[in-house]
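Q: Can you read through this structure? Questions will come right after.
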Number of protein chains: 2
Amino acid sequence: MGADAIRCAPRLELLALPGLPLVRPGDDLASLIAAGLGRAELALRDGDVVVVASKLVSRAEGRFVDLSTVEPSPRARELAEQTGKDAAHVELVLRESAAVSRVAPGVLIVRHRLGFVVANAGIDLSNAAPPADLAARGRGPWALLLPSDPDRAAQALCAGLGRVAGAAIGVVISDSFGRPFRLGTVGAAVGAAGVPALWDQRGREDLFGRPLEHTITALADQIAAAADLVAGQAAEGRGAVLVRGLHFSAQADAEGGAASIVRPSDEDLYA
Amino acid sequence: MGADAIRCAPRLELLALPGLPLVRPGDDLASLIAAGLGRAELALRDGDVVVVASKLVSRAEGRFVDLSTVEPSPRARELAEQTGKDAAHVELVLRESAAVSRVAPGVLIVRHRLGFVVANAGIDLSNAAPPADLAARGRGPWALLLPSDPDRAAQALCAGLGRVAGAAIGVVISDSFGRPFRLGTVGAAVGAAGVPALWDQRGREDLFGRPLEHTITALADQIAAAADLVAGQAAEGRGAVLVRGLHFSAQADAEGGAASIVRPSDEDLYA
C-alpha cells in the first residue's frame, strides 16, 4: 500500500443503525443492514465503513451451541476445575482454540484457531440465546461461537452492501477483547474487508522531516474501538455502526483482512 | 459509578481542531485548545471530550532531553547491545521505568513508572525536537518523555477548558501503544479526567435479561483510539480532537483517571 493511500480525516462521524432486528440463522445480514441504513435515510458513499458486531454474523451463521449436548474431555474438566468455569463451556473453548495461553481462577485465555489471543475463545454466553423456535429444540444454556471465517464474512458483506449502494465501502467485524496489561475491554477487528486492517505509514515524515517511528497503525482495531463507543452491547442492541469520514483509497492494500493484525506466534514475546 | 451513568450514544462526531501551533515549553495548552475551538467556531458543551496527544502535553511541560547529555549506565549499554538501540536512549528508558518487561533485537518493552507496559517507556524520537531557540542550546538528537503526571495534566486541562466554556467536559490524554498479540499501534489513554476511564456495566442485562459478561469497557482507551483515527501523527500535526456525542454523567465516577486502567502487576498473567 502506498504511504499516502490513506489520509487522516479532520472529521469523522459514527452512527448506530436504528431498528436492526434480532438476527436469525440464515438471515441475509447485508439486506438487514441495508434496511437499517434506509430507515436512517442514509445512502452508503465511497469510503464509508460499516462496523458489524461479530455476534450478528455468528447469529446469521447459526453458530449457536447447546451446552447441554457438549461432552467435556478430561482436559476440559481439568481446566474447568482450575478456572471455576463450566466444563462444557471449557470444552467448546478448547475445540475453538489452537493453544491455551494462560489459565487462572476465572480466566482461560487461548489462541483461537483464527490466531487471536482472547479469553474463552471469544465464546460468549451473553446474548447467546437462539430464536425461541430453535431454542425450543434444545435444553441450553446456549453459547455463541465466533463467526467461522470473519474475514470472509466481511468480504461478503462488503461486496453485498457495496453492490447495492454502488459505492466502494469497507466492512469491519468487531468483538470486545481484553488486554494483558490493561483493564477493561476494547473493540477489536476480527474481520475486515475493503479497508486496510493495518495502515503502514513508513516513508511518512514527522513535523520536522524525521521518519516516523510508530509507523504501523491497527486501523481496523481503532475503527472497531470507535464503533464500540456508539454500539453498546446491552439492551440497545445496536450491532451495526456506520463510520463516515475516513479517507482510504479503494486501491489501498486491504487484502490482508483482520488476520493480518494477528502477531505471528514467533514474534510474540508474551506467548 | 452507577450502572446507568453512561448511555451509549447512537451518534458520535469527532473533529480535529485546526491550526494548533507547535507547542512550546511553558505554553498554556488550555488556551491553545480554546483558540483552536474558536477557529472551528465550536463552543464546548456538557459531555464533550477533548482528546489531546500526549506529545502536546510533554512539549508544554518541556520534557525534552538532549540525548548527547545522557550518560548510559552499564545496564543501559548491555540492553542497547541486546536491542541494537542507542545506549543513551536506553538509559532514558530505564530512568522512566519501574521494570523491564521484554528485551529482543529492536524491542525494549518496560513497565513505565506510571504503570503502563509500553515500548521504550513511551519515549519517542519522532516529533521530539524542541523549538529552534531551545534546540540551539543543545547538541541533540532529542527525545521527548511522556508527561510527568498525565492524569493531573488531564485534570488541569479539564478544569481550564471547562471553566472557559462553562461546561462539564472530559479530557483524555492519548498516546499510541503497541500490543503483545496484535500488530500495529492503537490510541490509548495515558491521562483522563471528567470522563470515566473504565465504564462498569455490571448490573446491566443483555437482550435476553441475562447479566452481561464483558462488563467493564476501557472507555478512555476507546476514546483515544477513535481520536487517533482523525488525529494523525504526521505532518498534519492535528494533536487535539473534539469528541461529541458520548453520554456520560458528570456525576459518574471519573476519579480513577487513566491510572485506573493499568492492570495491577499481581493480576498480570503476562508480566
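Residue names in the C-alpha cells use chain letters A, B, ... in the order shown, residue numbers from 1 in each chain, and ligand numbers from 1 in the order shown.
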Write out as a PyMOL selection string each polymer residue whose atoms come within 6 Å of A:Pro10, counting only C-alpha atoms; drop sequence neighbours fewer than 2 positions from it.

A: chain B and resi 15-16+230

Q: Considering only C-alpha atoms, return as a ChimeraX atom specification whatever protein or nucleic-acid residues lie within 10 Å of B:Ala225, sequence-local ones (same chain, fewer than 4 positions apart) excluded.

A: /A:186-187,218-219,221-226 /B:51,174-177,185-189,219-221,229-231

Q: With C-alpha atoms retained, export the selected residues as a PDB file, in the first residue's frame.

A:
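Heads up, here's the output in part_0.pdb:
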ATOM      1  CA  VAL A 186     -11.909  -2.574  23.809  1.00  0.00           C
ATOM      2  CA  GLY A 187     -13.392  -3.154  20.376  1.00  0.00           C
ATOM      3  CA  ALA A 218      -4.003  -1.021  13.538  1.00  0.00           C
ATOM      4  CA  LEU A 219      -6.627   0.908  11.612  1.00  0.00           C
ATOM      5  CA  ASP A 221      -8.912  -2.179  15.506  1.00  0.00           C
ATOM      6  CA  GLN A 222      -9.253   1.573  16.006  1.00  0.00           C
ATOM      7  CA  ILE A 223     -12.368   1.607  13.834  1.00  0.00           C
ATOM      8  CA  ALA A 224     -13.808  -1.234  15.931  1.00  0.00           C
ATOM      9  CA  ALA A 225     -12.983   0.599  19.171  1.00  0.00           C
ATOM     10  CA  ALA A 226     -14.580   3.799  17.901  1.00  0.00           C
TER      11      ALA A 226
ATOM     12  CA  VAL B  51      -8.529  14.265  23.323  1.00  0.00           C
ATOM     13  CA  SER B 174      -3.600   9.856  24.405  1.00  0.00           C
ATOM     14  CA  ASP B 175      -0.581   8.017  23.130  1.00  0.00           C
ATOM     15  CA  SER B 176      -0.031   5.207  20.614  1.00  0.00           C
ATOM     16  CA  PHE B 177       0.687   1.834  22.179  1.00  0.00           C
ATOM     17  CA  THR B 185      -0.401   0.594  17.332  1.00  0.00           C
ATOM     18  CA  VAL B 186      -3.684   1.870  18.728  1.00  0.00           C
ATOM     19  CA  GLY B 187      -4.518   5.013  20.650  1.00  0.00           C
ATOM     20  CA  ALA B 188      -4.579   4.508  24.416  1.00  0.00           C
ATOM     21  CA  ALA B 189      -5.317   6.826  27.315  1.00  0.00           C
ATOM     22  CA  LEU B 219     -13.892   3.830  27.727  1.00  0.00           C
ATOM     23  CA  ALA B 220     -10.923   6.225  27.760  1.00  0.00           C
ATOM     24  CA  ASP B 221      -8.832   3.856  25.624  1.00  0.00           C
ATOM     25  CA  LEU B 229      -8.396   7.943  13.505  1.00  0.00           C
ATOM     26  CA  VAL B 230      -8.693  11.688  12.914  1.00  0.00           C
ATOM     27  CA  ALA B 231      -5.587  12.994  14.630  1.00  0.00           C
TER      28      ALA B 231
END

Q: Taking into account only C-alpha atoms, which residue in the set B:Cys158, B:Ile109, B:Ala43, B:Ala136 is nearest to chain A?

A: B:Ile109

Q: Among stretch 65-270 of chain A, which residues does DSSP mark as helix (DSSP H, G or I) when it is run on the backbone? Keep the chain and numbering as in the structure and answer as a PDB file with N, CA and C atoms, in the first residue's frame.

A:
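Everything below was put into part-v1.pdb:
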ATOM      1  N   LEU A  67     -25.105 -26.089  25.159  1.00  0.00           N
ATOM      2  CA  LEU A  67     -24.055 -26.606  26.051  1.00  0.00           C
ATOM      3  C   LEU A  67     -24.426 -27.950  26.680  1.00  0.00           C
ATOM      4  N   SER A  68     -25.736 -28.216  26.771  1.00  0.00           N
ATOM      5  CA  SER A  68     -26.149 -29.483  27.397  1.00  0.00           C
ATOM      6  C   SER A  68     -25.769 -30.677  26.524  1.00  0.00           C
ATOM      7  N   THR A  69     -25.410 -30.415  25.256  1.00  0.00           N
ATOM      8  CA  THR A  69     -25.057 -31.509  24.342  1.00  0.00           C
ATOM      9  C   THR A  69     -23.547 -31.698  24.219  1.00  0.00           C
ATOM     10  N   PRO A  74     -11.449 -34.986  29.335  1.00  0.00           N
ATOM     11  CA  PRO A  74     -10.731 -34.926  30.619  1.00  0.00           C
ATOM     12  C   PRO A  74      -9.956 -33.606  30.769  1.00  0.00           C
ATOM     13  N   ARG A  75      -9.319 -33.154  29.680  1.00  0.00           N
ATOM     14  CA  ARG A  75      -8.557 -31.902  29.711  1.00  0.00           C
ATOM     15  C   ARG A  75      -9.487 -30.717  30.023  1.00  0.00           C
ATOM     16  N   ALA A  76     -10.695 -30.728  29.453  1.00  0.00           N
ATOM     17  CA  ALA A  76     -11.657 -29.650  29.704  1.00  0.00           C
ATOM     18  C   ALA A  76     -12.096 -29.669  31.170  1.00  0.00           C
ATOM     19  N   ARG A  77     -12.297 -30.884  31.707  1.00  0.00           N
ATOM     20  CA  ARG A  77     -12.701 -30.991  33.119  1.00  0.00           C
ATOM     21  C   ARG A  77     -11.615 -30.443  34.037  1.00  0.00           C
ATOM     22  N   GLU A  78     -10.378 -30.742  33.670  1.00  0.00           N
ATOM     23  CA  GLU A  78      -9.236 -30.289  34.467  1.00  0.00           C
ATOM     24  C   GLU A  78      -9.156 -28.752  34.454  1.00  0.00           C
ATOM     25  N   LEU A  79      -9.273 -28.171  33.253  1.00  0.00           N
ATOM     26  CA  LEU A  79      -9.217 -26.709  33.135  1.00  0.00           C
ATOM     27  C   LEU A  79     -10.436 -26.061  33.789  1.00  0.00           C
ATOM     28  N   ALA A  80     -11.574 -26.739  33.724  1.00  0.00           N
ATOM     29  CA  ALA A  80     -12.785 -26.209  34.356  1.00  0.00           C
ATOM     30  C   ALA A  80     -12.579 -26.107  35.865  1.00  0.00           C
ATOM     31  N   GLU A  81     -11.903 -27.111  36.406  1.00  0.00           N
ATOM     32  CA  GLU A  81     -11.639 -27.097  37.846  1.00  0.00           C
ATOM     33  C   GLU A  81     -10.681 -25.965  38.208  1.00  0.00           C
ATOM     34  N   GLN A  82      -9.627 -25.816  37.390  1.00  0.00           N
ATOM     35  CA  GLN A  82      -8.643 -24.761  37.663  1.00  0.00           C
ATOM     36  C   GLN A  82      -9.237 -23.363  37.539  1.00  0.00           C
ATOM     37  N   THR A  83     -10.194 -23.191  36.620  1.00  0.00           N
ATOM     38  CA  THR A  83     -10.723 -21.852  36.349  1.00  0.00           C
ATOM     39  C   THR A  83     -12.045 -21.580  37.062  1.00  0.00           C
ATOM     40  N   ALA A  87     -17.600 -26.942  32.636  1.00  0.00           N
ATOM     41  CA  ALA A  87     -16.758 -27.853  31.852  1.00  0.00           C
ATOM     42  C   ALA A  87     -17.174 -27.911  30.384  1.00  0.00           C
ATOM     43  N   ALA A  88     -18.475 -27.846  30.113  1.00  0.00           N
ATOM     44  CA  ALA A  88     -18.921 -27.884  28.709  1.00  0.00           C
ATOM     45  C   ALA A  88     -18.474 -26.612  27.979  1.00  0.00           C
ATOM     46  N   HIS A  89     -18.531 -25.487  28.677  1.00  0.00           N
ATOM     47  CA  HIS A  89     -18.059 -24.229  28.107  1.00  0.00           C
ATOM     48  C   HIS A  89     -16.567 -24.342  27.784  1.00  0.00           C
ATOM     49  N   VAL A  90     -15.806 -24.871  28.729  1.00  0.00           N
ATOM     50  CA  VAL A  90     -14.360 -25.024  28.514  1.00  0.00           C
ATOM     51  C   VAL A  90     -14.097 -25.957  27.336  1.00  0.00           C
ATOM     52  N   GLU A  91     -14.870 -27.021  27.229  1.00  0.00           N
ATOM     53  CA  GLU A  91     -14.702 -27.949  26.111  1.00  0.00           C
ATOM     54  C   GLU A  91     -14.873 -27.222  24.772  1.00  0.00           C
ATOM     55  N   LEU A  92     -15.904 -26.398  24.697  1.00  0.00           N
ATOM     56  CA  LEU A  92     -16.131 -25.614  23.471  1.00  0.00           C
ATOM     57  C   LEU A  92     -14.958 -24.683  23.192  1.00  0.00           C
ATOM     58  N   VAL A  93     -14.452 -24.044  24.259  1.00  0.00           N
ATOM     59  CA  VAL A  93     -13.311 -23.139  24.111  1.00  0.00           C
ATOM     60  C   VAL A  93     -12.135 -23.899  23.511  1.00  0.00           C
ATOM     61  N   LEU A  94     -11.866 -25.098  24.038  1.00  0.00           N
ATOM     62  CA  LEU A  94     -10.734 -25.880  23.548  1.00  0.00           C
ATOM     63  C   LEU A  94     -10.939 -26.275  22.082  1.00  0.00           C
ATOM     64  N   ARG A  95     -12.178 -26.619  21.714  1.00  0.00           N
ATOM     65  CA  ARG A  95     -12.440 -27.017  20.327  1.00  0.00           C
ATOM     66  C   ARG A  95     -12.199 -25.857  19.366  1.00  0.00           C
ATOM     67  N   ASN A 120     -11.589 -17.110  26.602  1.00  0.00           N
ATOM     68  CA  ASN A 120     -12.698 -18.016  26.294  1.00  0.00           C
ATOM     69  C   ASN A 120     -12.935 -18.220  24.801  1.00  0.00           C
ATOM     70  N   ALA A 121     -11.895 -18.046  23.988  1.00  0.00           N
ATOM     71  CA  ALA A 121     -12.020 -18.203  22.528  1.00  0.00           C
ATOM     72  C   ALA A 121     -13.122 -17.319  21.958  1.00  0.00           C
ATOM     73  N   GLY A 122     -13.418 -16.223  22.648  1.00  0.00           N
ATOM     74  CA  GLY A 122     -14.450 -15.313  22.157  1.00  0.00           C
ATOM     75  C   GLY A 122     -15.848 -15.879  22.242  1.00  0.00           C
ATOM     76  N   ALA A 132     -36.545 -18.289  19.652  1.00  0.00           N
ATOM     77  CA  ALA A 132     -37.344 -19.177  20.505  1.00  0.00           C
ATOM     78  C   ALA A 132     -37.611 -20.535  19.860  1.00  0.00           C
ATOM     79  N   ASP A 133     -37.908 -20.558  18.550  1.00  0.00           N
ATOM     80  CA  ASP A 133     -38.232 -21.836  17.902  1.00  0.00           C
ATOM     81  C   ASP A 133     -37.032 -22.776  17.910  1.00  0.00           C
ATOM     82  N   LEU A 134     -35.847 -22.202  17.695  1.00  0.00           N
ATOM     83  CA  LEU A 134     -34.638 -23.014  17.723  1.00  0.00           C
ATOM     84  C   LEU A 134     -34.312 -23.413  19.164  1.00  0.00           C
ATOM     85  N   ALA A 135     -34.477 -22.466  20.088  1.00  0.00           N
ATOM     86  CA  ALA A 135     -34.176 -22.736  21.496  1.00  0.00           C
ATOM     87  C   ALA A 135     -35.043 -23.879  22.017  1.00  0.00           C
ATOM     88  N   PRO A 150     -14.395 -14.851   9.804  1.00  0.00           N
ATOM     89  CA  PRO A 150     -14.884 -13.466   9.829  1.00  0.00           C
ATOM     90  C   PRO A 150     -14.320 -12.584   8.710  1.00  0.00           C
ATOM     91  N   ASP A 151     -13.101 -12.842   8.246  1.00  0.00           N
ATOM     92  CA  ASP A 151     -12.602 -12.044   7.115  1.00  0.00           C
ATOM     93  C   ASP A 151     -13.439 -12.309   5.861  1.00  0.00           C
ATOM     94  N   ARG A 152     -13.769 -13.580   5.679  1.00  0.00           N
ATOM     95  CA  ARG A 152     -14.598 -13.918   4.516  1.00  0.00           C
ATOM     96  C   ARG A 152     -16.003 -13.340   4.679  1.00  0.00           C
ATOM     97  N   ALA A 153     -16.536 -13.372   5.876  1.00  0.00           N
ATOM     98  CA  ALA A 153     -17.851 -12.775   6.113  1.00  0.00           C
ATOM     99  C   ALA A 153     -17.800 -11.279   5.827  1.00  0.00           C
ATOM    100  N   ALA A 154     -16.680 -10.630   6.207  1.00  0.00           N
ATOM    101  CA  ALA A 154     -16.536  -9.194   5.935  1.00  0.00           C
ATOM    102  C   ALA A 154     -16.502  -8.946   4.432  1.00  0.00           C
ATOM    103  N   GLN A 155     -15.787  -9.814   3.710  1.00  0.00           N
ATOM    104  CA  GLN A 155     -15.730  -9.667   2.248  1.00  0.00           C
ATOM    105  C   GLN A 155     -17.122  -9.781   1.622  1.00  0.00           C
ATOM    106  N   ALA A 156     -17.893 -10.750   2.109  1.00  0.00           N
ATOM    107  CA  ALA A 156     -19.230 -10.953   1.552  1.00  0.00           C
ATOM    108  C   ALA A 156     -20.119  -9.741   1.830  1.00  0.00           C
ATOM    109  N   LEU A 157     -20.056  -9.230   3.068  1.00  0.00           N
ATOM    110  CA  LEU A 157     -20.856  -8.057   3.424  1.00  0.00           C
ATOM    111  C   LEU A 157     -20.413  -6.843   2.614  1.00  0.00           C
ATOM    112  N   CYS A 158     -19.113  -6.693   2.473  1.00  0.00           N
ATOM    113  CA  CYS A 158     -18.545  -5.563   1.748  1.00  0.00           C
ATOM    114  C   CYS A 158     -19.029  -5.588   0.300  1.00  0.00           C
ATOM    115  N   ALA A 159     -18.973  -6.764  -0.308  1.00  0.00           N
ATOM    116  CA  ALA A 159     -19.418  -6.900  -1.698  1.00  0.00           C
ATOM    117  C   ALA A 159     -20.920  -6.663  -1.797  1.00  0.00           C
ATOM    118  N   GLY A 160     -21.681  -7.262  -0.880  1.00  0.00           N
ATOM    119  CA  GLY A 160     -23.136  -7.154  -0.920  1.00  0.00           C
ATOM    120  C   GLY A 160     -23.612  -5.730  -0.715  1.00  0.00           C
ATOM    121  N   LEU A 161     -23.113  -5.084   0.338  1.00  0.00           N
ATOM    122  CA  LEU A 161     -23.536  -3.707   0.640  1.00  0.00           C
ATOM    123  C   LEU A 161     -23.021  -2.748  -0.426  1.00  0.00           C
ATOM    124  N   GLY A 162     -21.785  -2.974  -0.891  1.00  0.00           N
ATOM    125  CA  GLY A 162     -21.205  -2.091  -1.898  1.00  0.00           C
ATOM    126  C   GLY A 162     -21.971  -2.158  -3.204  1.00  0.00           C
ATOM    127  N   ARG A 163     -22.398  -3.377  -3.558  1.00  0.00           N
ATOM    128  CA  ARG A 163     -23.128  -3.554  -4.825  1.00  0.00           C
ATOM    129  C   ARG A 163     -24.460  -2.817  -4.777  1.00  0.00           C
ATOM    130  N   VAL A 164     -25.189  -3.007  -3.684  1.00  0.00           N
ATOM    131  CA  VAL A 164     -26.485  -2.338  -3.546  1.00  0.00           C
ATOM    132  C   VAL A 164     -26.322  -0.823  -3.640  1.00  0.00           C
ATOM    133  N   ALA A 165     -25.253  -0.299  -2.969  1.00  0.00           N
ATOM    134  CA  ALA A 165     -25.097   1.153  -2.901  1.00  0.00           C
ATOM    135  C   ALA A 165     -24.331   1.707  -4.099  1.00  0.00           C
ATOM    136  N   LEU A 219      -5.475   0.092  12.003  1.00  0.00           N
ATOM    137  CA  LEU A 219      -6.627   0.908  11.612  1.00  0.00           C
ATOM    138  C   LEU A 219      -7.953   0.209  11.917  1.00  0.00           C
ATOM    139  N   ALA A 220      -8.054  -1.064  11.555  1.00  0.00           N
ATOM    140  CA  ALA A 220      -9.334  -1.772  11.735  1.00  0.00           C
ATOM    141  C   ALA A 220      -9.672  -1.923  13.219  1.00  0.00           C
ATOM    142  N   ASP A 221      -8.646  -2.106  14.062  1.00  0.00           N
ATOM    143  CA  ASP A 221      -8.912  -2.179  15.506  1.00  0.00           C
ATOM    144  C   ASP A 221      -9.416  -0.831  16.024  1.00  0.00           C
ATOM    145  N   GLN A 222      -8.813   0.249  15.544  1.00  0.00           N
ATOM    146  CA  GLN A 222      -9.253   1.573  16.006  1.00  0.00           C
ATOM    147  C   GLN A 222     -10.679   1.872  15.536  1.00  0.00           C
ATOM    148  N   ILE A 223     -11.003   1.426  14.331  1.00  0.00           N
ATOM    149  CA  ILE A 223     -12.368   1.607  13.834  1.00  0.00           C
ATOM    150  C   ILE A 223     -13.342   0.815  14.709  1.00  0.00           C
ATOM    151  N   ALA A 224     -12.949  -0.403  15.074  1.00  0.00           N
ATOM    152  CA  ALA A 224     -13.808  -1.234  15.931  1.00  0.00           C
ATOM    153  C   ALA A 224     -13.985  -0.596  17.309  1.00  0.00           C
ATOM    154  N   ALA A 225     -12.901  -0.041  17.851  1.00  0.00           N
ATOM    155  CA  ALA A 225     -12.983   0.599  19.171  1.00  0.00           C
ATOM    156  C   ALA A 225     -13.884   1.822  19.115  1.00  0.00           C
ATOM    157  N   ALA A 226     -13.741   2.602  18.055  1.00  0.00           N
ATOM    158  CA  ALA A 226     -14.580   3.799  17.901  1.00  0.00           C
ATOM    159  C   ALA A 226     -16.048   3.402  17.809  1.00  0.00           C
ATOM    160  N   ALA A 227     -16.320   2.377  17.006  1.00  0.00           N
ATOM    161  CA  ALA A 227     -17.710   1.947  16.825  1.00  0.00           C
ATOM    162  C   ALA A 227     -18.307   1.443  18.128  1.00  0.00           C
ATOM    163  N   ASP A 228     -17.473   0.809  18.950  1.00  0.00           N
ATOM    164  CA  ASP A 228     -17.959   0.283  20.220  1.00  0.00           C
ATOM    165  C   ASP A 228     -18.472   1.407  21.128  1.00  0.00           C
ATOM    166  N   LEU A 229     -17.939   2.609  20.926  1.00  0.00           N
ATOM    167  CA  LEU A 229     -18.407   3.751  21.722  1.00  0.00           C
ATOM    168  C   LEU A 229     -19.882   4.052  21.452  1.00  0.00           C
ATOM    169  N   VAL A 230     -20.351   3.741  20.264  1.00  0.00           N
ATOM    170  CA  VAL A 230     -21.757   4.013  19.954  1.00  0.00           C
ATOM    171  C   VAL A 230     -22.612   2.759  19.913  1.00  0.00           C
ATOM    172  N   ALA A 231     -21.974   1.606  19.816  1.00  0.00           N
ATOM    173  CA  ALA A 231     -22.754   0.387  19.601  1.00  0.00           C
ATOM    174  C   ALA A 231     -23.398  -0.145  20.875  1.00  0.00           C
ATOM    175  N   ALA A 258      -8.484  -8.833   8.765  1.00  0.00           N
ATOM    176  CA  ALA A 258      -8.141  -8.749  10.190  1.00  0.00           C
ATOM    177  C   ALA A 258      -7.096  -9.795  10.566  1.00  0.00           C
ATOM    178  N   ALA A 259      -6.995 -10.860   9.792  1.00  0.00           N
ATOM    179  CA  ALA A 259      -5.981 -11.876  10.085  1.00  0.00           C
ATOM    180  C   ALA A 259      -4.576 -11.278  10.047  1.00  0.00           C
ATOM    181  N   SER A 260      -4.398 -10.215   9.250  1.00  0.00           N
ATOM    182  CA  SER A 260      -3.061  -9.631   9.136  1.00  0.00           C
ATOM    183  C   SER A 260      -2.671  -8.867  10.390  1.00  0.00           C
ATOM    184  N   ILE A 261      -3.634  -8.586  11.278  1.00  0.00           N
ATOM    185  CA  ILE A 261      -3.310  -7.895  12.539  1.00  0.00           C
ATOM    186  C   ILE A 261      -2.742  -8.869  13.569  1.00  0.00           C
ATOM    187  N   SER A 265       3.021 -16.026  15.966  1.00  0.00           N
ATOM    188  CA  SER A 265       3.468 -16.631  17.228  1.00  0.00           C
ATOM    189  C   SER A 265       4.964 -16.442  17.442  1.00  0.00           C
ATOM    190  N   ASP A 266       5.745 -16.542  16.368  1.00  0.00           N
ATOM    191  CA  ASP A 266       7.203 -16.483  16.554  1.00  0.00           C
ATOM    192  C   ASP A 266       7.695 -15.056  16.802  1.00  0.00           C
ATOM    193  N   GLU A 267       6.809 -14.056  16.685  1.00  0.00           N
ATOM    194  CA  GLU A 267       7.179 -12.683  17.032  1.00  0.00           C
ATOM    195  C   GLU A 267       6.516 -12.264  18.343  1.00  0.00           C
TER     196      GLU A 267
END

Q: Under the rule that only C-alpha atoms are counted, which of A:Leu183, A:Leu37, A:Val57, A:Val243 is the nearest residue to B:Ala197?

A: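 Closest residue, counting only C-alpha atoms: A:Leu183.
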
Q: Please return as a count of residues only: the residues of stretch 38-250 of chain B that backbone DSSP assigns to strand (DSSP E or B).

A: 60

Q: Need the shell around A:Pro264: protein/DNA/RNA residues with any atom at most 9 Å away, counting only C-alpha atoms. Skip same-chain ones fewer than 5 positions apart. Format as an NGL selection string?

A: (:A and (115)) or (:B and (181-183))

Q: Please produce an output containing N, CA and C atoms for each residue in the selection, written as a PDB file, in the first residue's frame.

A:
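Writing done, so here's out11.pdb:
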ATOM      1  N   GLY A 115      -6.215 -17.285  15.271  1.00  0.00           N
ATOM      2  CA  GLY A 115      -4.977 -16.578  15.586  1.00  0.00           C
ATOM      3  C   GLY A 115      -5.082 -15.610  16.750  1.00  0.00           C
TER       4      GLY A 115
ATOM      5  N   PHE B 181      -0.102  -9.189  21.392  1.00  0.00           N
ATOM      6  CA  PHE B 181      -0.569 -10.251  20.495  1.00  0.00           C
ATOM      7  C   PHE B 181      -1.005  -9.739  19.134  1.00  0.00           C
ATOM      8  N   ARG B 182      -0.982  -8.416  19.001  1.00  0.00           N
ATOM      9  CA  ARG B 182      -1.530  -7.850  17.770  1.00  0.00           C
ATOM     10  C   ARG B 182      -0.549  -6.836  17.198  1.00  0.00           C
ATOM     11  N   LEU B 183      -0.470  -6.784  15.887  1.00  0.00           N
ATOM     12  CA  LEU B 183       0.422  -5.853  15.211  1.00  0.00           C
ATOM     13  C   LEU B 183      -0.222  -4.471  15.125  1.00  0.00           C
TER      14      LEU B 183
END

Q: What is the atom CA of B:Ile33-atom CA of B:Pro141 distance in Å, reported with one decimal?

A: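 According to the coordinates, atom CA of B:Ile33 and atom CA of B:Pro141 are separated by 28.6 Å.
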
Q: Would you mind listing what lies within 8 Å of B:Leu108 as a list in words, with only C-alpha atoms counted and same-chain residues fewer than 5 positions away left out?

A: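 What passes the distance filter is Thr83, Val100, Ser101, Arg102, Val103, Ala119 and Asn120 of chain B.
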
Q: Any chance you could export the current selection's N, CA and C atoms as a PDB file, in the first residue's frame?

A:
ATOM      1  N   THR B  83      19.461  -4.951  22.094  1.00  0.00           N
ATOM      2  CA  THR B  83      18.339  -4.468  21.287  1.00  0.00           C
ATOM      3  C   THR B  83      18.802  -3.784  20.010  1.00  0.00           C
ATOM      4  N   VAL B 100      11.840  -3.804  33.531  1.00  0.00           N
ATOM      5  CA  VAL B 100      11.958  -4.211  32.134  1.00  0.00           C
ATOM      6  C   VAL B 100      11.066  -5.425  31.939  1.00  0.00           C
ATOM      7  N   SER B 101      10.221  -5.387  30.908  1.00  0.00           N
ATOM      8  CA  SER B 101       9.288  -6.484  30.658  1.00  0.00           C
ATOM      9  C   SER B 101       9.856  -7.485  29.649  1.00  0.00           C
ATOM     10  N   ARG B 102      10.259  -7.039  28.468  1.00  0.00           N
ATOM     11  CA  ARG B 102      10.803  -7.927  27.439  1.00  0.00           C
ATOM     12  C   ARG B 102      11.904  -7.216  26.667  1.00  0.00           C
ATOM     13  N   VAL B 103      12.927  -7.994  26.296  1.00  0.00           N
ATOM     14  CA  VAL B 103      14.048  -7.485  25.519  1.00  0.00           C
ATOM     15  C   VAL B 103      14.266  -8.410  24.332  1.00  0.00           C
ATOM     16  N   ALA B 119       6.434   0.034  24.903  1.00  0.00           N
ATOM     17  CA  ALA B 119       7.759   0.001  24.273  1.00  0.00           C
ATOM     18  C   ALA B 119       8.495   1.302  24.578  1.00  0.00           C
ATOM     19  N   ASN B 120       9.778   1.199  24.886  1.00  0.00           N
ATOM     20  CA  ASN B 120      10.657   2.360  25.059  1.00  0.00           C
ATOM     21  C   ASN B 120      10.139   3.396  26.062  1.00  0.00           C
TER      22      ASN B 120
END

Q: Using only C-alpha atoms, which residue out of B:Asp46, B:Ala60, B:Val70, B:Arg11 lies closest to B:Ala30?

A: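 Residue with the minimum atom-to-atom distance to B:Ala30: B:Ala60.
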
Q: Might you pull out every residue within 9 Å of A:Leu145, with only C-alpha atoms counted and same-chain residues fewer than 5 positions away left off, and present them as an MDAnalysis selection string?

A: chainID A and resid 55 58:59 63:65 92:93 96 121:124 128

Q: Using only C-alpha atoms, find the one residue out of A:Glu71, A:Tyr270, A:Gly194, A:Pro130 that sits nearest to A:Gly47.

A: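 For A:Gly47, the nearest of the candidates is A:Gly194.
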
Q: Excluding B:Leu22 and its own-chain neighbours fewer than 4 positions away, which residues fall within 10 Å of it when counting only C-alpha atoms? Please give them as a list of chain:residue names.

A: A:Leu207, B:Asp27, B:Leu32, B:Leu56, B:Arg59, B:Ala60, B:Pro130, B:Pro131, B:Gly237, B:Gly239

Q: Any chance you can output those residues with N, CA and C atoms as a short mmCIF file (atom, residue, chain, number, x, y, z; two decimals), in the first residue's frame?

A:
data_model
loop_
_atom_site.label_atom_id
_atom_site.label_comp_id
_atom_site.auth_asym_id
_atom_site.auth_seq_id
_atom_site.Cartn_x
_atom_site.Cartn_y
_atom_site.Cartn_z
N LEU A 207 6.81 16.14 11.81
CA LEU A 207 6.71 17.58 11.55
C LEU A 207 8.07 18.19 11.23
N ASP B 27 3.92 26.83 27.35
CA ASP B 27 2.66 27.24 26.73
C ASP B 27 1.47 26.80 27.58
N LEU B 32 -4.43 27.37 24.07
CA LEU B 32 -4.20 27.00 22.67
C LEU B 32 -5.37 26.19 22.12
N LEU B 56 1.77 16.87 22.92
CA LEU B 56 1.49 18.30 23.15
C LEU B 56 1.71 18.63 24.62
N ARG B 59 5.44 18.56 25.41
CA ARG B 59 6.11 19.76 24.89
C ARG B 59 5.83 20.96 25.79
N ALA B 60 4.57 21.11 26.20
CA ALA B 60 4.23 22.23 27.09
C ALA B 60 4.98 22.11 28.41
N PRO B 130 12.88 20.15 20.11
CA PRO B 130 12.34 21.34 20.77
C PRO B 130 12.33 22.52 19.81
N PRO B 131 11.71 23.63 20.20
CA PRO B 131 11.76 24.82 19.35
C PRO B 131 13.21 25.21 19.08
N GLY B 237 -0.15 17.26 11.98
CA GLY B 237 0.01 17.81 13.30
C GLY B 237 -1.29 18.10 14.03
N GLY B 239 -3.17 17.52 16.81
CA GLY B 239 -2.94 16.87 18.09
C GLY B 239 -4.09 16.97 19.07
#
